[in-house]
Structures are given as C-alpha cells and as structure tokens.
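Note: the block below is start-v2.pdb and it holds PDB, N, CA and C atoms.
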```pdb
ATOM      1  N   MET P  88     137.590 200.183 122.290
ATOM      2  CA  MET P  88     138.615 200.178 123.331
ATOM      3  C   MET P  88     138.701 201.570 123.944
ATOM      4  N   TYR P  89     139.048 201.569 125.219
ATOM      5  CA  TYR P  89     139.198 202.818 125.958
ATOM      6  C   TYR P  89     140.562 202.847 126.635
ATOM      7  N   LEU P  90     141.126 204.022 126.700
ATOM      8  CA  LEU P  90     142.361 204.269 127.430
ATOM      9  C   LEU P  90     141.973 205.044 128.677
ATOM     10  N   ILE P  91     142.296 204.493 129.837
ATOM     11  CA  ILE P  91     141.987 205.141 131.106
ATOM     12  C   ILE P  91     143.296 205.619 131.702
ATOM     13  N   ARG P  92     143.349 206.884 132.026
ATOM     14  CA  ARG P  92     144.542 207.471 132.650
ATOM     15  C   ARG P  92     144.183 208.007 134.024
ATOM     16  N   GLU P  93     144.907 207.540 135.026
ATOM     17  CA  GLU P  93     144.823 208.083 136.377
ATOM     18  C   GLU P  93     146.011 209.034 136.494
ATOM     19  N   ILE P  94     145.748 210.315 136.567
ATOM     20  CA  ILE P  94     146.806 211.324 136.548
ATOM     21  C   ILE P  94     146.914 211.930 137.943
ATOM     22  N   MET P  95     148.077 211.747 138.565
ATOM     23  CA  MET P  95     148.285 212.226 139.926
ATOM     24  C   MET P  95     149.378 213.271 139.987
ATOM     25  N   ASN P  96     149.155 214.274 140.786
ATOM     26  CA  ASN P  96     150.158 215.292 141.049
ATOM     27  C   ASN P  96     150.754 214.973 142.414
ATOM     28  N   CYS P  97     151.984 214.466 142.392
ATOM     29  CA  CYS P  97     152.642 214.033 143.617
ATOM     30  C   CYS P  97     153.167 215.221 144.406
ATOM     31  N   LYS P  98     153.286 215.020 145.701
ATOM     32  CA  LYS P  98     153.923 216.018 146.543
ATOM     33  C   LYS P  98     155.418 216.001 146.238
ATOM     34  N   PRO P  99     156.111 217.132 146.425
ATOM     35  CA  PRO P  99     157.556 217.150 146.191
ATOM     36  C   PRO P  99     158.253 216.051 146.999
ATOM     37  N   GLY P 100     159.134 215.327 146.324
ATOM     38  CA  GLY P 100     159.873 214.252 146.971
ATOM     39  C   GLY P 100     159.093 212.954 147.107
ATOM     40  N   LYS P 101     157.886 212.901 146.590
ATOM     41  CA  LYS P 101     157.040 211.717 146.753
ATOM     42  C   LYS P 101     156.769 210.976 145.448
ATOM     43  N   VAL P 102     157.445 211.378 144.370
ATOM     44  CA  VAL P 102     157.222 210.700 143.089
ATOM     45  C   VAL P 102     157.698 209.246 143.164
ATOM     46  N   ARG P 103     158.912 209.024 143.646
ATOM     47  CA  ARG P 103     159.474 207.670 143.690
ATOM     48  C   ARG P 103     158.609 206.733 144.547
ATOM     49  N   PRO P 104     158.181 207.127 145.765
ATOM     50  CA  PRO P 104     157.303 206.226 146.521
ATOM     51  C   PRO P 104     155.965 205.963 145.811
ATOM     52  N   THR P 105     155.457 206.943 145.083
ATOM     53  CA  THR P 105     154.203 206.751 144.353
ATOM     54  C   THR P 105     154.412 205.770 143.201
ATOM     55  N   ILE P 106     155.540 205.901 142.507
ATOM     56  CA  ILE P 106     155.889 204.949 141.439
ATOM     57  C   ILE P 106     155.942 203.539 142.016
ATOM     58  N   GLU P 107     156.617 203.381 143.132
ATOM     59  CA  GLU P 107     156.742 202.057 143.751
ATOM     60  C   GLU P 107     155.375 201.499 144.136
ATOM     61  N   SER P 108     154.498 202.351 144.651
ATOM     62  CA  SER P 108     153.149 201.903 144.998
ATOM     63  C   SER P 108     152.427 201.369 143.768
ATOM     64  N   PHE P 109     152.526 202.090 142.655
ATOM     65  CA  PHE P 109     151.826 201.658 141.446
ATOM     66  C   PHE P 109     152.499 200.457 140.791
ATOM     67  N   LYS P 110     153.813 200.325 140.911
ATOM     68  CA  LYS P 110     154.485 199.117 140.424
ATOM     69  C   LYS P 110     154.010 197.903 141.229
ATOM     70  N   ASN P 111     153.936 198.069 142.546
ATOM     71  CA  ASN P 111     153.475 196.981 143.400
ATOM     72  C   ASN P 111     152.002 196.660 143.139
ATOM     73  N   LEU P 112     151.190 197.693 142.928
ATOM     74  CA  LEU P 112     149.795 197.466 142.590
ATOM     75  C   LEU P 112     149.683 196.717 141.265
ATOM     76  N   SER P 113     150.503 197.074 140.303
ATOM     77  CA  SER P 113     150.496 196.391 139.002
ATOM     78  C   SER P 113     150.869 194.925 139.155
ATOM     79  N   ALA P 114     151.829 194.631 140.025
ATOM     80  CA  ALA P 114     152.214 193.239 140.277
ATOM     81  C   ALA P 114     151.037 192.475 140.881
ATOM     82  N   THR P 115     150.329 193.111 141.812
ATOM     83  CA  THR P 115     149.146 192.494 142.415
ATOM     84  C   THR P 115     148.076 192.262 141.351
ATOM     85  N   MET P 116     147.879 193.253 140.492
ATOM     86  CA  MET P 116     146.891 193.109 139.421
ATOM     87  C   MET P 116     147.238 191.924 138.521
ATOM     88  N   LYS P 117     148.513 191.794 138.187
ATOM     89  CA  LYS P 117     148.953 190.690 137.329
ATOM     90  C   LYS P 117     148.662 189.348 138.009
ATOM     91  N   GLU P 118     148.921 189.265 139.322
ATOM     92  CA  GLU P 118     148.620 188.047 140.077
ATOM     93  C   GLU P 118     147.123 187.741 140.065
ATOM     94  N   MET P 119     146.304 188.792 139.976
ATOM     95  CA  MET P 119     144.842 188.633 139.950
ATOM     96  C   MET P 119     144.329 188.298 138.554
ATOM     97  N   GLY P 120     145.230 188.229 137.585
ATOM     98  CA  GLY P 120     144.823 187.941 136.216
ATOM     99  C   GLY P 120     144.385 189.174 135.447
ATOM    100  N   LEU P 121     144.717 190.362 135.973
ATOM    101  CA  LEU P 121     144.359 191.619 135.324
ATOM    102  C   LEU P 121     145.567 192.209 134.611
ATOM    103  N   LYS P 122     145.303 193.007 133.608
ATOM    104  CA  LYS P 122     146.375 193.692 132.903
ATOM    105  C   LYS P 122     146.933 194.793 133.810
ATOM    106  N   PRO P 123     148.262 194.804 134.044
ATOM    107  CA  PRO P 123     148.834 195.815 134.936
ATOM    108  C   PRO P 123     148.813 197.208 134.309
ATOM    109  N   PHE P 124     148.928 198.206 135.174
ATOM    110  CA  PHE P 124     149.028 199.587 134.703
ATOM    111  C   PHE P 124     150.357 199.816 133.994
ATOM    112  N   ARG P 125     150.354 200.724 133.054
ATOM    113  CA  ARG P 125     151.594 201.276 132.515
ATOM    114  C   ARG P 125     151.804 202.550 133.324
ATOM    115  N   VAL P 126     152.989 202.707 133.915
ATOM    116  CA  VAL P 126     153.270 203.839 134.800
ATOM    117  C   VAL P 126     154.235 204.784 134.095
ATOM    118  N   LEU P 127     153.833 206.057 134.011
ATOM    119  CA  LEU P 127     154.638 207.069 133.334
ATOM    120  C   LEU P 127     154.853 208.258 134.263
ATOM    121  N   THR P 128     155.952 208.968 134.071
ATOM    122  CA  THR P 128     156.196 210.214 134.802
ATOM    123  C   THR P 128     156.529 211.308 133.798
ATOM    124  N   ASP P 129     156.252 212.546 134.214
ATOM    125  CA  ASP P 129     156.515 213.659 133.305
ATOM    126  C   ASP P 129     158.015 213.937 133.223
ATOM    127  N   VAL P 130     158.450 214.414 132.066
ATOM    128  CA  VAL P 130     159.828 214.854 131.870
ATOM    129  C   VAL P 130     159.883 216.367 132.050
ATOM    130  N   SER P 131     158.920 217.028 131.524
ATOM    131  CA  SER P 131     158.716 218.450 131.812
ATOM    132  C   SER P 131     157.218 218.670 131.683
ATOM    133  N   GLY P 132     156.647 219.201 132.696
ATOM    134  CA  GLY P 132     155.201 219.307 132.640
ATOM    135  C   GLY P 132     154.663 220.404 133.516
ATOM    136  N   GLU P 133     153.403 220.562 133.431
ATOM    137  CA  GLU P 133     152.691 221.540 134.243
ATOM    138  C   GLU P 133     151.546 220.809 134.913
ATOM    139  N   PRO P 134     151.570 220.536 136.147
ATOM    140  CA  PRO P 134     152.633 220.846 137.096
ATOM    141  C   PRO P 134     153.716 219.765 137.110
ATOM    142  N   PHE P 135     154.820 220.088 137.787
ATOM    143  CA  PHE P 135     155.882 219.101 137.981
ATOM    144  C   PHE P 135     155.370 217.955 138.838
ATOM    145  N   TRP P 136     156.143 216.864 138.875
ATOM    146  CA  TRP P 136     155.889 215.703 139.733
ATOM    147  C   TRP P 136     154.569 215.011 139.401
ATOM    148  N   THR P 137     154.327 214.854 138.099
ATOM    149  CA  THR P 137     153.109 214.187 137.644
ATOM    150  C   THR P 137     153.398 212.724 137.336
ATOM    151  N   LEU P 138     152.515 211.864 137.805
ATOM    152  CA  LEU P 138     152.589 210.438 137.526
ATOM    153  C   LEU P 138     151.286 210.032 136.848
ATOM    154  N   VAL P 139     151.394 209.186 135.829
ATOM    155  CA  VAL P 139     150.220 208.692 135.109
ATOM    156  C   VAL P 139     150.243 207.169 135.166
ATOM    157  N   ALA P 140     149.129 206.589 135.582
ATOM    158  CA  ALA P 140     148.940 205.141 135.520
ATOM    159  C   ALA P 140     147.829 204.913 134.503
ATOM    160  N   GLU P 141     148.148 204.167 133.452
ATOM    161  CA  GLU P 141     147.143 203.993 132.410
ATOM    162  C   GLU P 141     146.947 202.525 132.072
ATOM    163  N   THR P 142     145.744 202.255 131.596
ATOM    164  CA  THR P 142     145.387 200.909 131.179
ATOM    165  C   THR P 142     144.387 200.999 130.038
ATOM    166  N   GLU P 143     144.273 199.925 129.281
ATOM    167  CA  GLU P 143     143.289 199.847 128.204
ATOM    168  C   GLU P 143     142.250 198.803 128.567
ATOM    169  N   VAL P 144     140.994 199.118 128.288
ATOM    170  CA  VAL P 144     139.880 198.200 128.536
ATOM    171  C   VAL P 144     138.944 198.227 127.336
ATOM    172  N   SER P 145     138.166 197.166 127.207
ATOM    173  CA  SER P 145     137.249 197.117 126.063
ATOM    174  C   SER P 145     135.971 197.904 126.314
ATOM    175  N   SER P 146     135.641 198.133 127.601
ATOM    176  CA  SER P 146     134.434 198.901 127.910
ATOM    177  C   SER P 146     134.615 199.634 129.236
ATOM    178  N   ILE P 147     133.831 200.662 129.435
ATOM    179  CA  ILE P 147     133.854 201.410 130.696
ATOM    180  C   ILE P 147     133.428 200.484 131.841
ATOM    181  N   ASP P 148     132.426 199.658 131.593
ATOM    182  CA  ASP P 148     131.968 198.719 132.623
ATOM    183  C   ASP P 148     133.089 197.776 133.045
ATOM    184  N   GLU P 149     133.899 197.354 132.092
ATOM    185  CA  GLU P 149     135.039 196.486 132.410
ATOM    186  C   GLU P 149     135.990 197.206 133.363
ATOM    187  N   PHE P 150     136.241 198.483 133.115
ATOM    188  CA  PHE P 150     137.142 199.249 133.976
ATOM    189  C   PHE P 150     136.606 199.328 135.398
ATOM    190  N   PHE P 151     135.321 199.668 135.551
ATOM    191  CA  PHE P 151     134.769 199.820 136.892
ATOM    192  C   PHE P 151     134.690 198.479 137.623
ATOM    193  N   ALA P 152     134.452 197.396 136.908
ATOM    194  CA  ALA P 152     134.474 196.064 137.519
ATOM    195  C   ALA P 152     135.890 195.729 137.990
ATOM    196  N   MET P 153     136.876 196.061 137.152
ATOM    197  CA  MET P 153     138.270 195.836 137.503
ATOM    198  C   MET P 153     138.640 196.651 138.744
ATOM    199  N   GLU P 154     138.209 197.898 138.779
ATOM    200  CA  GLU P 154     138.495 198.781 139.911
ATOM    201  C   GLU P 154     137.909 198.205 141.204
ATOM    202  N   GLN P 155     136.676 197.731 141.155
ATOM    203  CA  GLN P 155     136.046 197.145 142.345
ATOM    204  C   GLN P 155     136.788 195.892 142.805
ATOM    205  N   LYS P 156     137.192 195.071 141.848
ATOM    206  CA  LYS P 156     137.925 193.848 142.175
ATOM    207  C   LYS P 156     139.260 194.179 142.843
ATOM    208  N   ILE P 157     139.950 195.175 142.320
ATOM    209  CA  ILE P 157     141.241 195.576 142.894
ATOM    210  C   ILE P 157     141.052 196.114 144.310
ATOM    211  N   MET P 158     140.078 197.000 144.491
ATOM    212  CA  MET P 158     139.902 197.641 145.788
ATOM    213  C   MET P 158     139.405 196.661 146.857
ATOM    214  N   ALA P 159     138.832 195.529 146.455
ATOM    215  CA  ALA P 159     138.386 194.514 147.406
ATOM    216  C   ALA P 159     139.512 193.540 147.776
ATOM    217  N   ASN P 160     140.627 193.608 147.067
ATOM    218  CA  ASN P 160     141.741 192.690 147.287
ATOM    219  C   ASN P 160     142.607 193.181 148.452
ATOM    220  N   PRO P 161     142.798 192.363 149.496
ATOM    221  CA  PRO P 161     143.598 192.795 150.648
ATOM    222  C   PRO P 161     145.033 193.186 150.291
ATOM    223  N   SER P 162     145.649 192.493 149.342
ATOM    224  CA  SER P 162     147.018 192.844 148.935
ATOM    225  C   SER P 162     147.056 194.229 148.296
ATOM    226  N   ALA P 163     146.075 194.525 147.457
ATOM    227  CA  ALA P 163     146.008 195.842 146.817
ATOM    228  C   ALA P 163     145.744 196.926 147.861
ATOM    229  N   GLN P 164     144.885 196.619 148.828
ATOM    230  CA  GLN P 164     144.612 197.588 149.894
ATOM    231  C   GLN P 164     145.877 197.907 150.677
ATOM    232  N   LYS P 165     146.669 196.885 150.950
ATOM    233  CA  LYS P 165     147.922 197.078 151.689
ATOM    234  C   LYS P 165     148.913 197.926 150.886
ATOM    235  N   VAL P 166     149.030 197.612 149.598
ATOM    236  CA  VAL P 166     149.949 198.347 148.718
ATOM    237  C   VAL P 166     149.574 199.824 148.644
ATOM    238  N   MET P 167     148.279 200.122 148.611
ATOM    239  CA  MET P 167     147.840 201.505 148.421
ATOM    240  C   MET P 167     147.564 202.249 149.736
ATOM    241  N   ALA P 168     147.812 201.596 150.874
ATOM    242  CA  ALA P 168     147.642 202.277 152.164
ATOM    243  C   ALA P 168     148.583 203.478 152.216
ATOM    244  N   GLY P 169     148.083 204.608 152.609
ATOM    245  CA  GLY P 169     148.895 205.818 152.704
ATOM    246  C   GLY P 169     149.084 206.557 151.387
ATOM    247  N   TYR P 170     148.426 206.086 150.349
ATOM    248  CA  TYR P 170     148.543 206.693 149.016
ATOM    249  C   TYR P 170     148.238 208.194 149.045
ATOM    250  N   HIS P 171     147.235 208.596 149.807
ATOM    251  CA  HIS P 171     146.842 210.006 149.847
ATOM    252  C   HIS P 171     147.909 210.899 150.482
ATOM    253  N   ASP P 172     148.833 210.311 151.222
ATOM    254  CA  ASP P 172     149.939 211.080 151.793
ATOM    255  C   ASP P 172     150.989 211.422 150.737
ATOM    256  N   LEU P 173     150.900 210.798 149.575
ATOM    257  CA  LEU P 173     151.905 210.979 148.527
ATOM    258  C   LEU P 173     151.490 211.980 147.451
ATOM    259  N   VAL P 174     150.200 212.257 147.357
ATOM    260  CA  VAL P 174     149.713 213.088 146.256
ATOM    261  C   VAL P 174     148.956 214.312 146.755
ATOM    262  N   ASN P 175     148.998 215.356 145.941
ATOM    263  CA  ASN P 175     148.208 216.565 146.211
ATOM    264  C   ASN P 175     146.812 216.450 145.626
ATOM    265  N   GLY P 176     146.674 215.685 144.563
ATOM    266  CA  GLY P 176     145.390 215.543 143.890
ATOM    267  C   GLY P 176     145.595 214.858 142.561
ATOM    268  N   GLY P 177     144.521 214.785 141.800
ATOM    269  CA  GLY P 177     144.626 214.150 140.503
ATOM    270  C   GLY P 177     143.295 214.151 139.780
ATOM    271  N   ARG P 178     143.300 213.419 138.676
ATOM    272  CA  ARG P 178     142.088 213.337 137.875
ATOM    273  C   ARG P 178     142.146 212.054 137.048
ATOM    274  N   ARG P 179     141.026 211.710 136.467
ATOM    275  CA  ARG P 179     140.946 210.546 135.589
ATOM    276  C   ARG P 179     140.534 211.016 134.206
ATOM    277  N   GLU P 180     141.207 210.502 133.201
ATOM    278  CA  GLU P 180     140.816 210.736 131.810
ATOM    279  C   GLU P 180     140.347 209.409 131.233
ATOM    280  N   ILE P 181     139.231 209.431 130.532
ATOM    281  CA  ILE P 181     138.719 208.263 129.842
ATOM    282  C   ILE P 181     138.625 208.625 128.366
ATOM    283  N   LEU P 182     139.441 207.967 127.554
ATOM    284  CA  LEU P 182     139.532 208.292 126.137
ATOM    285  C   LEU P 182     139.145 207.069 125.308
ATOM    286  N   ARG P 183     138.338 207.274 124.276
ATOM    287  CA  ARG P 183     138.007 206.199 123.346
ATOM    288  C   ARG P 183     139.123 206.118 122.306
ATOM    289  N   ILE P 184     139.634 204.926 122.079
ATOM    290  CA  ILE P 184     140.680 204.713 121.089
ATOM    291  C   ILE P 184     139.995 204.580 119.728
ATOM    292  N   GLU P 185     140.288 205.471 118.822
ATOM    293  CA  GLU P 185     139.639 205.526 117.513
ATOM    294  C   GLU P 185     140.448 204.830 116.421
ATOM    295  N   ALA P 186     141.749 204.809 116.543
ATOM    296  CA  ALA P 186     142.580 204.175 115.509
ATOM    297  C   ALA P 186     143.874 203.707 116.113
TER     298      ALA P 186
END
```

Let me see whether you can do it: turn the structure in this file into structure tokens.
Amino acid sequence: MYLIREIMNCKPGKVRPTIESFKNLSATMKEMGLKPFRVLTDVSGEPFWTLVAETEVSSIDEFFAMEQKIMANPSAQKVMAGYHDLVNGGRREILRIEA
C-alpha cells in the first residue's frame, strides 16, 4: 500500500476555497466509484496555509490510472477550474506503508 499526499501551499486567504475545491473533487471521486481524498490543513506549520489531500492506493500504477480518470471527468475539470489561482505551489509525496 502507498500513501499519496498532494501538499499545497495556498495563497493567503485562499485556504477555505481550496478546501471546498478538494471537498467537491472528493464528492466527484466518490460518484466515480473512487476513494475520496482525506483533506487536512496545518495547525502550525512551515509555511502557513498548507493543505494536504491524501489517499491510499495499492500500487503507484493504480494512483496514476485514478489521476487520469479524474482529470478526464468533466465534473472534476469544472471543480478544479481556477485551482492555480488559489495556490503558490506544492509537491507530491509518495510513501510506502510498512506497518
């Protein structure tokens, strides 16, 4: 199993709209039969205004197939339109779950 974390650094004042985007994306994913993201925000962090969307998959290939399926979905495209206006940047962490 793998834990995939999409870690975004939101622009000031844009955390709540980013949360809503990922909640809506998770709802779309659930409708597609996919496991929704777990959405987390920092309580105190470096840098401030960090949002994490994470999911677990059995393989890396499963994750990339899921990503392609989501990005091809018109509802998901609509939900994530303007996403880049909300964030300064981010990164992806891929962790193998050992225990």

Close residues, stretch 167-181 of chain P itself excluded, 7 Å, only C-alpha atoms, min 5 positions apart in chain, as a VMD selection string: chain P and resid 89 to 98 101 105 108

d(atom CA of P:Val126, atom CA of P:Gly100) in Å: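 Computed distance, atom CA of P:Val126 to atom CA of P:Gly100, equals 17.3 Å.
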
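Across P:Leu121, P:Glu133, P:Glu185, P:Leu127, the tightest approach to P:Ile106 is made by P:Leu127 when counting all atoms listed in the file.
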
Distance of atom CA of P:Leu182 from atom CA of P:Val166, expressed in Å to one decimal place: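 If I compute the distance from atom CA of P:Val166 to atom CA of P:Leu182, I get 26.8 Å.
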
Contact residues around P:Ser162 with all atoms listed in the file at 8 Å, ignoring same-chain residues under 3 positions, as a list in words: Asn111, Leu112, Thr115, Met116, Ile157, Met158, Ala159, Lys165, Val166, Met167 and Ala168 of chain P

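Using only C-alpha atoms, the nearest neighbour of P:Thr142 within the list P:Thr128, P:Ser113, P:Asn160, P:Pro104 is P:Ser113.
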
Let me have the centre and edge lengths in Å, one decimal, of the box along x, y and z around every listed atom of stretch 111-117 of chain P with 8 Å of margin on each side, as lines of an AutoDock Vina configuration file.
```
center_x = 150.4
center_y = 193.7
center_z = 140.4
size_x = 23.0
size_y = 24.7
size_z = 22.1
```

Alpha helix (DSSP H) call set, DSSP backbone run, stretch 109-142 of chain P, as a ChimeraX atom specification: /P:109-118

Strand (DSSP E or B) positions in chain P, given as number ranges by chain: P: 89-97, 125-128, 137-144, 174-183

Kindly export the residues of the current selection with N, CA and C atoms, as a compact mmCIF listing (two decimals), in the coordinates of the input.
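Saved the output as result-v5.txt:
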```
# COMPACT_ATOMS: atom_id res chain seq x y z
N TYR P 89 139.05 201.57 125.22
CA TYR P 89 139.20 202.82 125.96
C TYR P 89 140.56 202.85 126.64
N LEU P 90 141.13 204.02 126.70
CA LEU P 90 142.36 204.27 127.43
C LEU P 90 141.97 205.04 128.68
N ILE P 91 142.30 204.49 129.84
CA ILE P 91 141.99 205.14 131.11
C ILE P 91 143.30 205.62 131.70
N ARG P 92 143.35 206.88 132.03
CA ARG P 92 144.54 207.47 132.65
C ARG P 92 144.18 208.01 134.02
N GLU P 93 144.91 207.54 135.03
CA GLU P 93 144.82 208.08 136.38
C GLU P 93 146.01 209.03 136.49
N ILE P 94 145.75 210.32 136.57
CA ILE P 94 146.81 211.32 136.55
C ILE P 94 146.91 211.93 137.94
N MET P 95 148.08 211.75 138.56
CA MET P 95 148.28 212.23 139.93
C MET P 95 149.38 213.27 139.99
N ASN P 96 149.16 214.27 140.79
CA ASN P 96 150.16 215.29 141.05
C ASN P 96 150.75 214.97 142.41
N CYS P 97 151.98 214.47 142.39
CA CYS P 97 152.64 214.03 143.62
C CYS P 97 153.17 215.22 144.41
N ARG P 125 150.35 200.72 133.05
CA ARG P 125 151.59 201.28 132.51
C ARG P 125 151.80 202.55 133.32
N VAL P 126 152.99 202.71 133.92
CA VAL P 126 153.27 203.84 134.80
C VAL P 126 154.24 204.78 134.10
N LEU P 127 153.83 206.06 134.01
CA LEU P 127 154.64 207.07 133.33
C LEU P 127 154.85 208.26 134.26
N THR P 128 155.95 208.97 134.07
CA THR P 128 156.20 210.21 134.80
C THR P 128 156.53 211.31 133.80
N THR P 137 154.33 214.85 138.10
CA THR P 137 153.11 214.19 137.64
C THR P 137 153.40 212.72 137.34
N LEU P 138 152.51 211.86 137.80
CA LEU P 138 152.59 210.44 137.53
C LEU P 138 151.29 210.03 136.85
N VAL P 139 151.39 209.19 135.83
CA VAL P 139 150.22 208.69 135.11
C VAL P 139 150.24 207.17 135.17
N ALA P 140 149.13 206.59 135.58
CA ALA P 140 148.94 205.14 135.52
C ALA P 140 147.83 204.91 134.50
N GLU P 141 148.15 204.17 133.45
CA GLU P 141 147.14 203.99 132.41
C GLU P 141 146.95 202.52 132.07
N THR P 142 145.74 202.26 131.60
CA THR P 142 145.39 200.91 131.18
C THR P 142 144.39 201.00 130.04
N GLU P 143 144.27 199.92 129.28
CA GLU P 143 143.29 199.85 128.20
C GLU P 143 142.25 198.80 128.57
N VAL P 144 140.99 199.12 128.29
CA VAL P 144 139.88 198.20 128.54
C VAL P 144 138.94 198.23 127.34
N VAL P 174 150.20 212.26 147.36
CA VAL P 174 149.71 213.09 146.26
C VAL P 174 148.96 214.31 146.76
N ASN P 175 149.00 215.36 145.94
CA ASN P 175 148.21 216.56 146.21
C ASN P 175 146.81 216.45 145.63
N GLY P 176 146.67 215.68 144.56
CA GLY P 176 145.39 215.54 143.89
C GLY P 176 145.60 214.86 142.56
N GLY P 177 144.52 214.78 141.80
CA GLY P 177 144.63 214.15 140.50
C GLY P 177 143.29 214.15 139.78
N ARG P 178 143.30 213.42 138.68
CA ARG P 178 142.09 213.34 137.88
C ARG P 178 142.15 212.05 137.05
N ARG P 179 141.03 211.71 136.47
CA ARG P 179 140.95 210.55 135.59
C ARG P 179 140.53 211.02 134.21
N GLU P 180 141.21 210.50 133.20
CA GLU P 180 140.82 210.74 131.81
C GLU P 180 140.35 209.41 131.23
N ILE P 181 139.23 209.43 130.53
CA ILE P 181 138.72 208.26 129.84
C ILE P 181 138.62 208.62 128.37
N LEU P 182 139.44 207.97 127.55
CA LEU P 182 139.53 208.29 126.14
C LEU P 182 139.15 207.07 125.31
N ARG P 183 138.34 207.27 124.28
CA ARG P 183 138.01 206.20 123.35
C ARG P 183 139.12 206.12 122.31
```

Shell around P:Ser145 at 6.5 Å using only N, CA and C atoms, local window under 2 positions removed, as a PDB file with N, CA and C atoms, in the coordinates of the input:
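Saved result, selection_35.pdb, follows:
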```pdb
ATOM      1  N   MET P  88     137.590 200.183 122.290  1.00  0.00           N
ATOM      2  CA  MET P  88     138.615 200.178 123.331  1.00  0.00           C
ATOM      3  C   MET P  88     138.701 201.570 123.944  1.00  0.00           C
ATOM      4  N   TYR P  89     139.048 201.569 125.219  1.00  0.00           N
ATOM      5  CA  TYR P  89     139.198 202.818 125.958  1.00  0.00           C
ATOM      6  C   TYR P  89     140.562 202.847 126.635  1.00  0.00           C
ATOM      7  N   GLU P 143     144.273 199.925 129.281  1.00  0.00           N
ATOM      8  CA  GLU P 143     143.289 199.847 128.204  1.00  0.00           C
ATOM      9  C   GLU P 143     142.250 198.803 128.567  1.00  0.00           C
ATOM     10  N   ILE P 147     133.831 200.662 129.435  1.00  0.00           N
ATOM     11  CA  ILE P 147     133.854 201.410 130.696  1.00  0.00           C
ATOM     12  C   ILE P 147     133.428 200.484 131.841  1.00  0.00           C
ATOM     13  N   GLU P 149     133.899 197.354 132.092  1.00  0.00           N
ATOM     14  CA  GLU P 149     135.039 196.486 132.410  1.00  0.00           C
ATOM     15  C   GLU P 149     135.990 197.206 133.363  1.00  0.00           C
ATOM     16  N   PHE P 150     136.241 198.483 133.115  1.00  0.00           N
ATOM     17  CA  PHE P 150     137.142 199.249 133.976  1.00  0.00           C
ATOM     18  C   PHE P 150     136.606 199.328 135.398  1.00  0.00           C
TER      19      PHE P 150
END
```

d(atom C of P:Gln155, atom C of P:Ala186) in Å: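 Separating atom C of P:Gln155 from atom C of P:Ala186 is a distance of 28.7 Å.
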
Nearest-residue call for P:Val102, choices P:Ala163, P:Gly132, P:Phe151, P:Leu138, using only N, CA and C atoms: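 Going through P:Ala163, P:Gly132, P:Phe151, P:Leu138 one by one, the smallest distance to P:Val102 is for P:Leu138.
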